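Source file: final-v9.txt. Holds: compact mmCIF, C-alpha atoms and all ligand atoms.
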# COMPACT_ATOMS: atom_id res chain seq x y z
CA MET A 1 17.06 5.50 -26.84
CA ASP A 2 16.77 4.67 -23.17
CA ASN A 3 15.32 6.21 -20.05
CA SER A 4 17.25 4.62 -17.21
CA PRO A 5 15.13 4.32 -14.09
CA VAL A 6 16.02 6.45 -11.12
CA VAL A 7 13.80 4.63 -8.71
CA ALA A 8 16.51 2.39 -7.30
CA GLN A 9 18.53 5.38 -6.11
CA ALA A 10 15.36 7.12 -4.94
CA ASP A 11 13.87 4.58 -2.67
CA ALA A 12 14.78 0.95 -3.17
CA SER A 13 15.47 0.37 0.49
CA LEU A 14 12.32 1.98 1.85
CA ALA A 15 9.17 0.03 2.52
CA ASN A 16 7.19 3.27 2.82
CA TYR A 17 7.14 5.73 -0.02
CA THR A 18 7.10 9.41 0.88
CA GLN A 19 5.25 12.09 -1.10
CA GLU A 20 8.53 13.11 -2.74
CA SER A 21 9.61 9.59 -3.66
CA ILE A 22 6.09 8.80 -4.91
CA HIS A 23 6.61 11.49 -7.58
CA LEU A 24 9.90 9.89 -8.59
CA VAL A 25 8.34 6.46 -8.80
CA GLU A 26 5.32 7.77 -10.67
CA SER A 27 7.49 9.33 -13.34
CA ALA A 28 9.72 6.22 -13.51
CA VAL A 29 6.71 3.97 -14.14
CA GLY A 30 5.35 6.43 -16.67
CA LEU A 31 2.64 8.16 -14.66
CA ASN A 32 2.20 11.93 -14.34
CA SER A 33 5.13 12.60 -16.63
CA PRO A 34 4.92 14.51 -19.92
CA PRO A 35 4.45 12.31 -23.01
CA LYS A 36 7.78 10.76 -23.96
CA GLU A 37 9.24 10.09 -27.38
CA LYS A 38 8.32 6.66 -28.68
CA ILE A 39 10.77 4.10 -27.34
CA GLY A 40 11.77 1.09 -29.46
CA SER A 41 10.74 0.02 -32.96
CA ASP A 42 7.26 -0.84 -34.24
CA PHE A 43 8.23 -4.50 -33.85
CA ASP A 44 9.16 -3.85 -30.18
CA SER A 45 5.73 -2.23 -29.67
CA ARG A 46 3.96 -5.18 -31.26
CA MET A 47 5.78 -7.66 -29.03
CA MET A 48 5.06 -5.60 -25.92
CA LEU A 49 1.38 -5.40 -26.80
CA ARG A 50 1.45 -9.19 -27.17
CA CYS A 51 2.92 -9.34 -23.62
CA LEU A 52 -0.06 -7.31 -22.39
CA GLU A 53 -2.49 -9.59 -24.21
CA LEU A 54 -0.92 -12.60 -22.48
CA ALA A 55 -0.88 -10.81 -19.10
CA ARG A 56 -4.63 -10.13 -19.40
CA ARG A 57 -5.37 -13.85 -19.37
CA ALA A 58 -4.94 -13.70 -15.59
CA LEU A 59 -7.15 -10.61 -15.16
CA GLY A 60 -8.44 -10.33 -11.60
CA ARG A 61 -6.48 -13.35 -10.34
CA THR A 62 -2.94 -12.14 -9.56
CA SER A 63 -3.31 -9.80 -6.57
CA PRO A 64 -1.32 -8.76 -4.64
CA ASN A 65 0.97 -9.39 -7.61
CA PRO A 66 0.83 -7.56 -10.95
CA LEU A 67 -0.38 -8.78 -14.34
CA VAL A 68 2.73 -9.61 -16.36
CA GLY A 69 3.33 -11.11 -19.80
CA ALA A 70 6.59 -12.15 -21.51
CA VAL A 71 7.58 -13.05 -25.08
CA ILE A 72 10.94 -14.44 -26.24
CA VAL A 73 12.00 -13.64 -29.80
CA LYS A 74 14.89 -15.21 -31.71
CA ASP A 75 15.75 -14.32 -35.31
CA GLY A 76 12.44 -12.47 -35.63
CA GLU A 77 10.37 -15.49 -34.47
CA ILE A 78 8.51 -15.97 -31.18
CA VAL A 79 10.12 -18.98 -29.44
CA GLY A 80 8.40 -18.74 -26.05
CA GLU A 81 5.53 -16.95 -24.33
CA GLY A 82 4.22 -16.82 -20.79
CA PHE A 83 2.23 -14.88 -18.22
CA HIS A 84 1.99 -14.71 -14.45
CA PRO A 85 -1.12 -16.74 -13.53
CA ARG A 86 -1.45 -15.93 -9.81
CA ALA A 87 0.56 -14.96 -6.71
CA GLY A 88 2.77 -17.77 -5.49
CA GLU A 89 3.20 -19.24 -8.97
CA PRO A 90 6.23 -18.55 -11.20
CA HIS A 91 6.58 -15.19 -12.90
CA ALA A 92 5.87 -14.56 -16.58
CA GLU A 93 9.54 -14.83 -17.59
CA VAL A 94 9.82 -18.34 -16.12
CA PHE A 95 6.88 -19.61 -18.19
CA ALA A 96 8.30 -17.96 -21.33
CA LEU A 97 11.76 -19.48 -20.67
CA ARG A 98 10.21 -22.92 -20.12
CA ALA A 99 8.32 -22.59 -23.41
CA ALA A 100 11.66 -21.73 -25.08
CA GLY A 101 13.19 -24.95 -23.73
CA VAL A 102 14.88 -23.60 -20.57
CA GLY A 103 14.37 -25.73 -17.46
CA ALA A 104 11.73 -27.77 -19.30
CA ALA A 105 10.94 -31.25 -17.97
CA SER A 106 12.34 -32.93 -21.09
CA PRO A 107 15.76 -31.73 -22.32
CA GLN A 108 15.35 -29.47 -25.35
CA GLU A 109 17.44 -26.94 -27.19
CA ASN A 110 17.69 -23.67 -25.25
CA ARG A 111 16.12 -21.26 -27.76
CA ALA A 112 16.43 -18.35 -25.32
CA ARG A 113 20.24 -18.21 -25.66
CA GLY A 114 21.13 -15.04 -27.58
CA ALA A 115 17.43 -14.12 -27.84
CA THR A 116 15.48 -10.99 -26.85
CA ILE A 117 12.89 -11.23 -24.12
CA TYR A 118 10.04 -8.73 -23.90
CA VAL A 119 8.47 -8.31 -20.44
CA SER A 120 5.68 -5.89 -19.58
CA LEU A 121 7.14 -5.29 -16.07
CA GLU A 122 10.78 -5.04 -15.03
CA PRO A 123 12.13 -8.52 -14.13
CA CYS A 124 12.36 -8.99 -10.38
CA ASN A 125 15.64 -9.18 -8.54
CA HIS A 126 14.54 -10.50 -5.15
CA TYR A 127 13.70 -13.74 -3.42
CA GLY A 128 9.97 -13.54 -2.68
CA ARG A 129 7.59 -16.45 -3.08
CA THR A 130 9.73 -17.22 -6.16
CA PRO A 131 13.47 -16.77 -7.01
CA PRO A 132 14.71 -13.69 -8.95
CA CYS A 133 13.87 -13.65 -12.66
CA SER A 134 16.96 -11.51 -13.38
CA GLU A 135 19.22 -14.46 -12.45
CA GLY A 136 17.09 -16.86 -14.52
CA LEU A 137 17.48 -14.63 -17.58
CA ILE A 138 21.23 -14.29 -17.06
CA GLN A 139 21.61 -18.05 -16.72
CA ALA A 140 19.51 -18.71 -19.81
CA GLY A 141 21.93 -16.51 -21.78
CA VAL A 142 19.42 -14.00 -23.17
CA ALA A 143 21.13 -11.20 -25.09
CA LYS A 144 18.59 -8.41 -24.65
CA VAL A 145 15.71 -7.56 -22.32
CA VAL A 146 12.98 -5.13 -23.41
CA VAL A 147 10.97 -3.84 -20.44
CA GLY A 148 7.56 -2.14 -20.55
CA MET A 149 7.72 -0.33 -17.22
CA VAL A 150 9.84 -0.17 -14.07
CA ASP A 151 8.50 -2.21 -11.13
CA PRO A 152 7.45 0.24 -8.35
CA ASN A 153 7.83 -2.51 -5.73
CA PRO A 154 10.64 -1.19 -3.47
CA LEU A 155 12.10 -4.71 -3.46
CA VAL A 156 12.69 -4.37 -7.22
CA ALA A 157 12.41 -0.66 -8.25
CA GLY A 158 15.15 -0.55 -10.88
CA GLY A 159 17.28 -3.24 -9.21
CA GLY A 160 16.30 -5.90 -11.77
CA ILE A 161 17.35 -3.65 -14.66
CA ALA A 162 20.62 -2.72 -12.92
CA ARG A 163 21.43 -6.41 -12.29
CA LEU A 164 20.82 -7.37 -15.93
CA ARG A 165 22.99 -4.49 -17.18
CA ALA A 166 25.75 -5.41 -14.75
CA ALA A 167 25.74 -8.88 -16.31
CA GLY A 168 26.34 -7.31 -19.74
CA ILE A 169 22.78 -7.72 -21.03
CA GLU A 170 21.36 -4.92 -23.17
CA VAL A 171 18.21 -3.51 -21.55
CA LEU A 172 15.69 -1.20 -23.19
CA VAL A 173 13.11 0.34 -20.85
CA GLY A 174 9.78 2.05 -21.56
CA VAL A 175 8.36 0.35 -24.67
CA GLU A 176 4.56 0.91 -24.62
CA GLU A 177 5.04 2.20 -21.09
CA SER A 178 1.68 3.90 -20.69
CA ALA A 179 -0.24 0.80 -21.85
CA CYS A 180 1.81 -1.29 -19.41
CA HIS A 181 1.11 1.15 -16.61
CA GLN A 182 -2.60 1.28 -17.40
CA LEU A 183 -2.91 -2.50 -17.06
CA ASN A 184 -1.24 -2.44 -13.64
CA GLU A 185 -2.54 0.89 -12.30
CA ALA A 186 -4.12 -0.85 -9.31
CA PHE A 187 -0.90 -2.74 -8.44
CA VAL A 188 1.09 0.50 -8.69
CA HIS A 189 -1.44 2.31 -6.49
CA ARG A 190 -1.36 -0.48 -3.89
CA ILE A 191 2.44 -0.31 -3.67
CA LEU A 192 2.64 3.48 -3.48
CA TYR A 193 -0.29 4.23 -1.18
CA LYS A 194 -0.75 1.02 0.83
CA ARG A 195 -4.40 0.85 -0.10
CA PRO A 196 -6.28 -0.81 -2.97
CA LEU A 197 -7.21 1.46 -5.88
CA GLY A 198 -10.80 2.56 -5.20
CA ILE A 199 -12.97 2.85 -8.31
CA LEU A 200 -16.41 4.44 -8.00
CA LYS A 201 -18.75 3.26 -10.73
CA TYR A 202 -22.28 4.49 -11.25
CA ALA A 203 -24.93 4.82 -13.92
CA MET A 204 -27.10 7.91 -14.08
CA THR A 205 -29.57 9.62 -16.36
CA LEU A 206 -28.82 12.80 -18.25
CA ASP A 207 -30.45 14.72 -15.40
CA GLY A 208 -28.14 13.11 -12.85
CA LYS A 209 -30.43 10.50 -11.24
CA ILE A 210 -29.53 6.91 -10.39
CA ALA A 211 -33.14 5.86 -9.74
CA THR A 212 -36.69 7.22 -9.80
CA THR A 213 -38.15 8.97 -6.76
CA SER A 214 -39.67 5.63 -5.73
CA GLY A 215 -36.23 3.95 -5.94
CA HIS A 216 -36.68 2.03 -9.21
CA SER A 217 -33.27 1.74 -10.90
CA ALA A 218 -33.36 -1.19 -13.38
CA TRP A 219 -32.08 -0.37 -15.94
CA VAL A 220 -30.62 3.09 -16.33
CA THR A 221 -28.13 2.15 -19.06
CA SER A 222 -28.05 0.04 -22.23
CA GLN A 223 -27.14 -3.66 -22.34
CA GLU A 224 -23.73 -2.75 -23.83
CA ALA A 225 -22.94 -0.61 -20.78
CA ARG A 226 -24.03 -3.41 -18.46
CA ASN A 227 -21.73 -5.83 -20.31
CA GLU A 228 -18.91 -3.35 -19.81
CA VAL A 229 -19.65 -3.34 -16.06
CA HIS A 230 -19.38 -7.13 -15.99
CA GLN A 231 -15.95 -6.90 -17.67
CA LEU A 232 -14.91 -4.25 -15.20
CA ARG A 233 -15.93 -6.51 -12.30
CA ALA A 234 -13.85 -9.36 -13.75
CA ALA A 235 -10.75 -7.17 -13.51
CA CYS A 236 -11.33 -6.16 -9.86
CA ASP A 237 -10.54 -7.95 -6.62
CA ALA A 238 -13.63 -6.84 -4.71
CA ILE A 239 -16.92 -4.96 -5.16
CA ILE A 240 -18.31 -3.01 -2.22
CA VAL A 241 -21.92 -2.04 -1.55
CA GLY A 242 -23.68 -0.83 1.56
CA GLY A 243 -26.69 -2.32 3.33
CA ASN A 244 -29.04 0.08 1.48
CA THR A 245 -28.10 -1.35 -1.92
CA VAL A 246 -28.72 -4.91 -0.67
CA ARG A 247 -32.11 -3.90 0.76
CA GLN A 248 -33.24 -1.85 -2.24
CA ASP A 249 -31.68 -3.50 -5.31
CA ASN A 250 -30.98 -7.05 -4.10
CA PRO A 251 -28.04 -7.30 -6.56
CA TYR A 252 -25.98 -10.35 -7.66
CA LEU A 253 -22.73 -8.44 -8.36
CA THR A 254 -21.28 -11.22 -10.51
CA THR A 255 -19.55 -11.08 -13.89
CA ARG A 256 -22.10 -13.27 -15.76
CA GLN A 257 -19.29 -14.50 -18.02
CA VAL A 258 -18.15 -18.08 -18.40
CA GLU A 259 -14.71 -18.56 -16.82
CA ALA A 260 -14.36 -14.88 -15.88
CA HIS A 261 -13.04 -14.10 -12.44
CA ASN A 262 -15.74 -13.13 -9.92
CA PRO A 263 -14.53 -10.61 -7.38
CA LEU A 264 -15.23 -10.89 -3.68
CA ARG A 265 -18.63 -9.29 -2.98
CA VAL A 266 -18.34 -7.08 0.09
CA VAL A 267 -21.27 -5.61 2.03
CA MET A 268 -20.64 -2.89 4.60
CA SER A 269 -23.33 -2.99 7.29
CA ARG A 270 -22.88 -1.61 10.79
CA HIS A 271 -26.00 -3.14 12.36
CA LEU A 272 -26.59 -6.13 10.06
CA ASN A 273 -30.20 -5.12 9.47
CA LEU A 274 -30.16 -6.94 6.16
CA PRO A 275 -32.70 -9.20 4.42
CA GLU A 276 -32.39 -12.88 5.32
CA SER A 277 -32.87 -14.04 1.76
CA ALA A 278 -30.75 -11.63 -0.32
CA HIS A 279 -29.38 -12.94 -3.65
CA LEU A 280 -25.87 -12.30 -2.32
CA TRP A 281 -26.17 -15.00 0.33
CA GLN A 282 -28.06 -17.39 -1.88
CA THR A 283 -25.74 -17.52 -4.87
CA ALA A 284 -22.51 -19.44 -4.47
CA ASP A 285 -20.99 -18.38 -7.83
CA ALA A 286 -18.91 -15.71 -6.07
CA PRO A 287 -17.63 -15.45 -2.48
CA THR A 288 -19.29 -12.91 -0.18
CA LEU A 289 -17.91 -11.02 2.81
CA VAL A 290 -19.94 -8.92 5.20
CA LEU A 291 -18.00 -6.24 7.05
CA THR A 292 -19.61 -5.07 10.27
CA GLU A 293 -18.76 -3.69 13.70
CA LYS A 294 -17.86 -5.63 16.83
CA GLY A 295 -20.83 -7.39 18.44
CA ALA A 296 -23.40 -6.52 15.75
CA ASN A 297 -26.52 -8.70 15.55
CA PRO A 298 -25.06 -12.14 16.54
CA ASP A 299 -28.16 -14.05 15.34
CA PHE A 300 -27.84 -12.60 11.86
CA GLN A 301 -24.09 -13.29 11.84
CA GLU A 302 -24.89 -16.93 12.56
CA LEU A 303 -27.42 -17.03 9.73
CA LEU A 304 -24.83 -15.62 7.31
CA LEU A 305 -22.16 -18.07 8.41
CA LYS A 306 -24.59 -20.97 7.86
CA GLN A 307 -25.08 -19.75 4.28
CA GLY A 308 -21.32 -19.73 3.66
CA VAL A 309 -20.93 -15.95 3.94
CA GLU A 310 -17.79 -14.70 5.66
CA VAL A 311 -18.34 -12.10 8.39
CA VAL A 312 -15.57 -9.82 9.69
CA GLU A 313 -16.09 -7.43 12.62
CA LEU A 314 -14.03 -4.25 12.50
CA THR A 315 -13.70 -1.96 15.51
CA LEU A 316 -15.02 0.90 13.41
CA LEU A 317 -16.72 0.42 10.05
CA THR A 318 -15.73 3.26 7.72
CA PRO A 319 -14.74 3.29 4.04
CA ASP A 320 -11.10 3.84 4.93
CA LYS A 321 -11.07 1.04 7.52
CA ALA A 322 -12.71 -1.26 4.97
CA MET A 323 -10.01 -0.36 2.41
CA ALA A 324 -7.25 -0.84 5.00
CA TYR A 325 -8.67 -4.29 5.77
CA LEU A 326 -8.86 -5.22 2.06
CA TYR A 327 -5.28 -3.98 1.58
CA GLU A 328 -4.12 -6.32 4.35
CA ARG A 329 -5.94 -9.11 2.55
CA GLY A 330 -3.75 -8.47 -0.50
CA PHE A 331 -6.23 -6.68 -2.75
CA CYS A 332 -5.15 -4.23 -5.48
CA SER A 333 -8.51 -2.93 -6.75
CA VAL A 334 -11.91 -2.36 -5.19
CA LEU A 335 -15.01 -1.31 -7.11
CA TRP A 336 -17.48 0.88 -5.20
CA GLU A 337 -20.94 0.07 -6.60
CA CYS A 338 -22.77 1.63 -3.69
CA GLY A 339 -25.47 4.29 -3.34
CA GLY A 340 -24.90 8.02 -2.90
CA THR A 341 -24.48 8.16 0.89
CA LEU A 342 -21.70 5.58 1.06
CA ALA A 343 -20.13 6.97 -2.14
CA ALA A 344 -19.92 10.44 -0.56
CA SER A 345 -18.30 9.10 2.56
CA ALA A 346 -15.86 6.94 0.52
CA ILE A 347 -14.85 10.02 -1.49
CA ALA A 348 -14.54 12.16 1.65
CA GLN A 349 -12.22 9.57 3.24
CA GLY A 350 -10.00 9.24 0.17
CA ALA A 351 -11.18 5.69 -0.58
CA VAL A 352 -11.94 6.56 -4.21
CA GLN A 353 -9.24 7.41 -6.76
CA LYS A 354 -10.99 6.74 -10.02
CA VAL A 355 -14.53 7.48 -11.21
CA LEU A 356 -16.39 5.68 -13.99
CA ALA A 357 -19.69 7.39 -14.74
CA PHE A 358 -22.09 5.90 -17.28
CA ILE A 359 -24.48 8.57 -18.51
CA ALA A 360 -27.68 7.42 -20.22
CA PRO A 361 -29.49 9.80 -22.59
CA LYS A 362 -32.71 9.69 -20.54
CA ILE A 363 -34.44 12.10 -18.23
CA ILE A 364 -36.53 10.92 -15.29
CA GLY A 365 -36.83 14.14 -13.29
CA GLY A 366 -37.78 14.31 -9.63
CA SER A 367 -36.13 16.77 -7.27
CA ILE A 368 -35.70 14.10 -4.59
CA ALA A 369 -34.77 11.21 -6.91
CA PRO A 370 -31.42 9.80 -5.72
CA THR A 371 -28.14 11.02 -7.21
CA PRO A 372 -24.80 9.14 -7.41
CA VAL A 373 -22.95 11.08 -4.71
CA GLY A 374 -24.62 12.27 -1.50
CA ASP A 375 -23.74 15.29 0.58
CA LEU A 376 -20.07 16.25 0.69
CA GLY A 377 -20.74 19.34 2.79
CA PHE A 378 -19.62 21.74 0.07
CA THR A 379 -21.27 25.13 -0.20
CA THR A 380 -19.37 26.82 -3.02
CA MET A 381 -18.40 25.74 -6.52
CA THR A 382 -14.74 26.29 -5.68
CA GLU A 383 -14.93 23.28 -3.35
CA ALA A 384 -16.01 20.95 -6.18
CA LEU A 385 -13.64 18.01 -6.68
CA SER A 386 -12.17 18.19 -10.18
CA LEU A 387 -11.07 15.03 -11.92
CA GLU A 388 -7.79 14.72 -13.82
CA ARG A 389 -6.83 12.59 -16.81
CA VAL A 390 -10.45 12.64 -17.99
CA SER A 391 -11.59 10.67 -21.04
CA TRP A 392 -14.96 9.68 -22.45
CA ARG A 393 -16.31 7.27 -24.99
CA VAL A 394 -19.64 5.97 -26.23
CA VAL A 395 -20.76 2.54 -24.96
CA GLY A 396 -23.96 1.34 -26.62
CA SER A 397 -26.31 4.31 -26.36
CA ASP A 398 -24.54 5.70 -23.26
CA CYS A 399 -21.50 7.82 -22.59
CA LEU A 400 -18.78 6.58 -20.21
CA VAL A 401 -16.77 9.33 -18.50
CA GLU A 402 -13.57 8.25 -16.72
CA GLY A 403 -11.29 10.32 -14.55
CA TYR A 404 -9.05 10.34 -11.48
CA PHE A 405 -9.00 12.38 -8.28
CA PRO A 406 -5.66 14.09 -7.65
CA GLN A 407 -3.78 11.71 -5.34
CA LYS A 408 -2.19 12.56 -2.01
CA ALA A 409 0.20 10.33 -0.08
CA ASN A 410 -1.43 8.34 2.71
CA SER A 411 -0.24 9.74 6.01
CA GLN A 412 -0.44 6.35 7.78
N1 LIG B 501 4.62 -11.25 -11.14
C1 LIG B 501 5.78 -10.86 -11.63
C2 LIG B 501 6.62 -9.97 -10.94
N2 LIG B 501 6.25 -9.49 -9.81
C3 LIG B 501 7.15 -8.79 -8.89
O1 LIG B 501 7.48 -9.71 -7.90
C4 LIG B 501 6.72 -9.44 -6.72
C5 LIG B 501 6.20 -10.75 -6.18
O2 LIG B 501 7.26 -11.63 -5.97
P1 LIG B 501 6.95 -13.13 -5.55
O3 LIG B 501 6.41 -13.09 -4.17
O4 LIG B 501 8.28 -13.84 -5.65
O5 LIG B 501 5.96 -13.68 -6.57
C6 LIG B 501 5.61 -8.50 -7.17
O6 LIG B 501 5.18 -7.64 -6.15
C7 LIG B 501 6.30 -7.71 -8.27
O7 LIG B 501 7.11 -6.69 -7.73
N3 LIG B 501 7.77 -9.64 -11.46
C8 LIG B 501 8.14 -10.15 -12.63
O8 LIG B 501 9.24 -9.85 -13.09
N4 LIG B 501 7.35 -10.98 -13.33
C9 LIG B 501 6.17 -11.36 -12.89
O9 LIG B 501 5.49 -12.14 -13.57
ZN ZN B 502 10.24 -12.36 -11.34

Representation of the structure as structure tokens:
Amino acid sequence: MDNSPVVAQADASLANYTQESIHLVESAVGLNSPPKEKIGSDFDSRMMLRCLELARRALGRTSPNPLVGAVIVKDGEIVGEGFHPRAGEPHAEVFALRAAGVGAASPQENRARGATIYVSLEPCNHYGRTPPCSEGLIQAGVAKVVVGMVDPNPLVAGGGIARLRAAGIEVLVGVEESACHQLNEAFVHRILYKRPLGILKYAMTLDGKIATTSGHSAWVTSQEARNEVHQLRAACDAIIVGGNTVRQDNPYLTTRQVEAHNPLRVVMSRHLNLPESAHLWQTADAPTLVLTEKGANPDFQELLLKQGVEVVELTLLTPDKAMAYLYERGFCSVLWECGGTLAASAIAQGAVQKVLAFIAPKIIGGSIAPTPVGDLGFTTMTEALSLERVSWRVVGSDCLVEGYFPQKANSQ
């Protein structure tokens, strides 16, 4: 059973995906397509899930590259494993081949010859920062390649699979495809839409408040939910808040986990009217960037620079401009942990694709207590933004609702 990718014919040569080709790519990588028949055996699934487990070891560290894991199996035994640790370093397949004795420093038996390699993302076929993995696999003499999902990168996009097949290697595509896609949803989004995936996360009470009328917000949710937020941060490239959150909550925005990746902490502030002694500038456990507008408060800029905080002046500071800047910096995912006003403007500008709402079974009341999303200018229920692909689960004593906004192609 095989589902040969059509992406290569669709758009391999184009750097910019169009709305039409985005649909083709989305269905080729396993998104927005009806559930498919199971591809591969139970053993294939187990090996692919092992690839994902390996890939996750680099969570938050690979952007702009994807998370990829690879496992080489010979005669039913694993003879090599690897994952992509960060951009600029070799791809997952290269580490797995080395572990199987290919290109290793000391000469060993090549255990990859005649073997099957499982890779969570289609092997690349281009010279980027590293040489093409397809050629490495051909040279190593692997007999079969099992691929989780097609690579949406127009430089690859089915070309790696075609090259392997042309060399007479059996290729099976789509084993555990949706799990593979889920792990790299931010990478796929970055490639297709030329923006990082924007994730809006908030915690509210059952009556829809994120704080009391006087602004007290610690803690809305249970410890388990807060741990989940720390894990979520570890998987993201950046967290954005606005000046209000720094002034009111004085957050740390770190992952609080030993060895976990800490994302870049980003503050959007047009006038830099921020406290001089915020936790963000006083803790060095994660890097901090303040985005502002040209010429804003030079004295405060100097103070931030002295404390090791990076300051970048944009011509216009809006959620979309901030996302465009973070895209240029190579980011795949950005977590919006801001208050309602900035959240509303991020949603209105299309800077949010995914929503994670923690709902605590508490009621605090207050008709002017703050809510997670400020004014969107809607007057009728028909204007409400409906989420797609919605799921929910219990975390500690709270409920976590997840969903996606319907996506439109970026016109830029
Ligand atoms: N990291 C990764 C792949 N990444 C592919 O290669 C692109 C980056 O190429 P380069 O600049 O040479 O590192 C990246 O955007 C994605 O399309 N491919 C794979 O087969 N396995 C890997 O482990
Ligand atoms: Zn590669």

* Test item: residues lying within 9 Å of ligand LIG 501 (chain B) with only C-alpha atoms and all ligand atoms, as a count of residues only -> 50

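Checking A:Ala357, A:Glu135, A:Thr212, A:Val73 one by one against ligand ZN 502 (chain B), counting only C-alpha atoms and all ligand atoms, you find the shortest gap at A:Glu135.
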
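Across the model, the gap from atom CA of A:Leu316 to atom CA of A:Thr292 is 8.2 Å.
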
* Structure fact -> Min atom-atom distance to A:Lys362 from the set A:Leu326, A:Ala384, A:Leu335, A:Ile210, counting only C-alpha atoms, belongs to A:Ile210

* Structure fact -> In Å and to one decimal, atom CA of A:Ser367 is distant from atom CA of A:Thr379 by 18.5 Å

* Asked: Quick one, how far is atom CA of A:Arg270 from atom CA of A:Gln301?
  -> 11.8 Å

* Nearest to A:Glu37 among A:Val220, A:Gly174, A:Ala140, A:His181, with distances taken over all atoms listed in the file: which residue is it? -> A:Gly174

* Between A:Ala100, A:Val267, A:Ala166, A:Leu356, which has the minimum distance to A:Glu402 (counting only C-alpha atoms)? -> A:Leu356

* Selection near stretch 194-208 of chain A, 7 Å with only C-alpha atoms, sequence-local residues under 6 positions removed, as an MDAnalysis selection string -> chainID A and resid 186 220:221 323:324 327 331:337 351:363 365 371:372
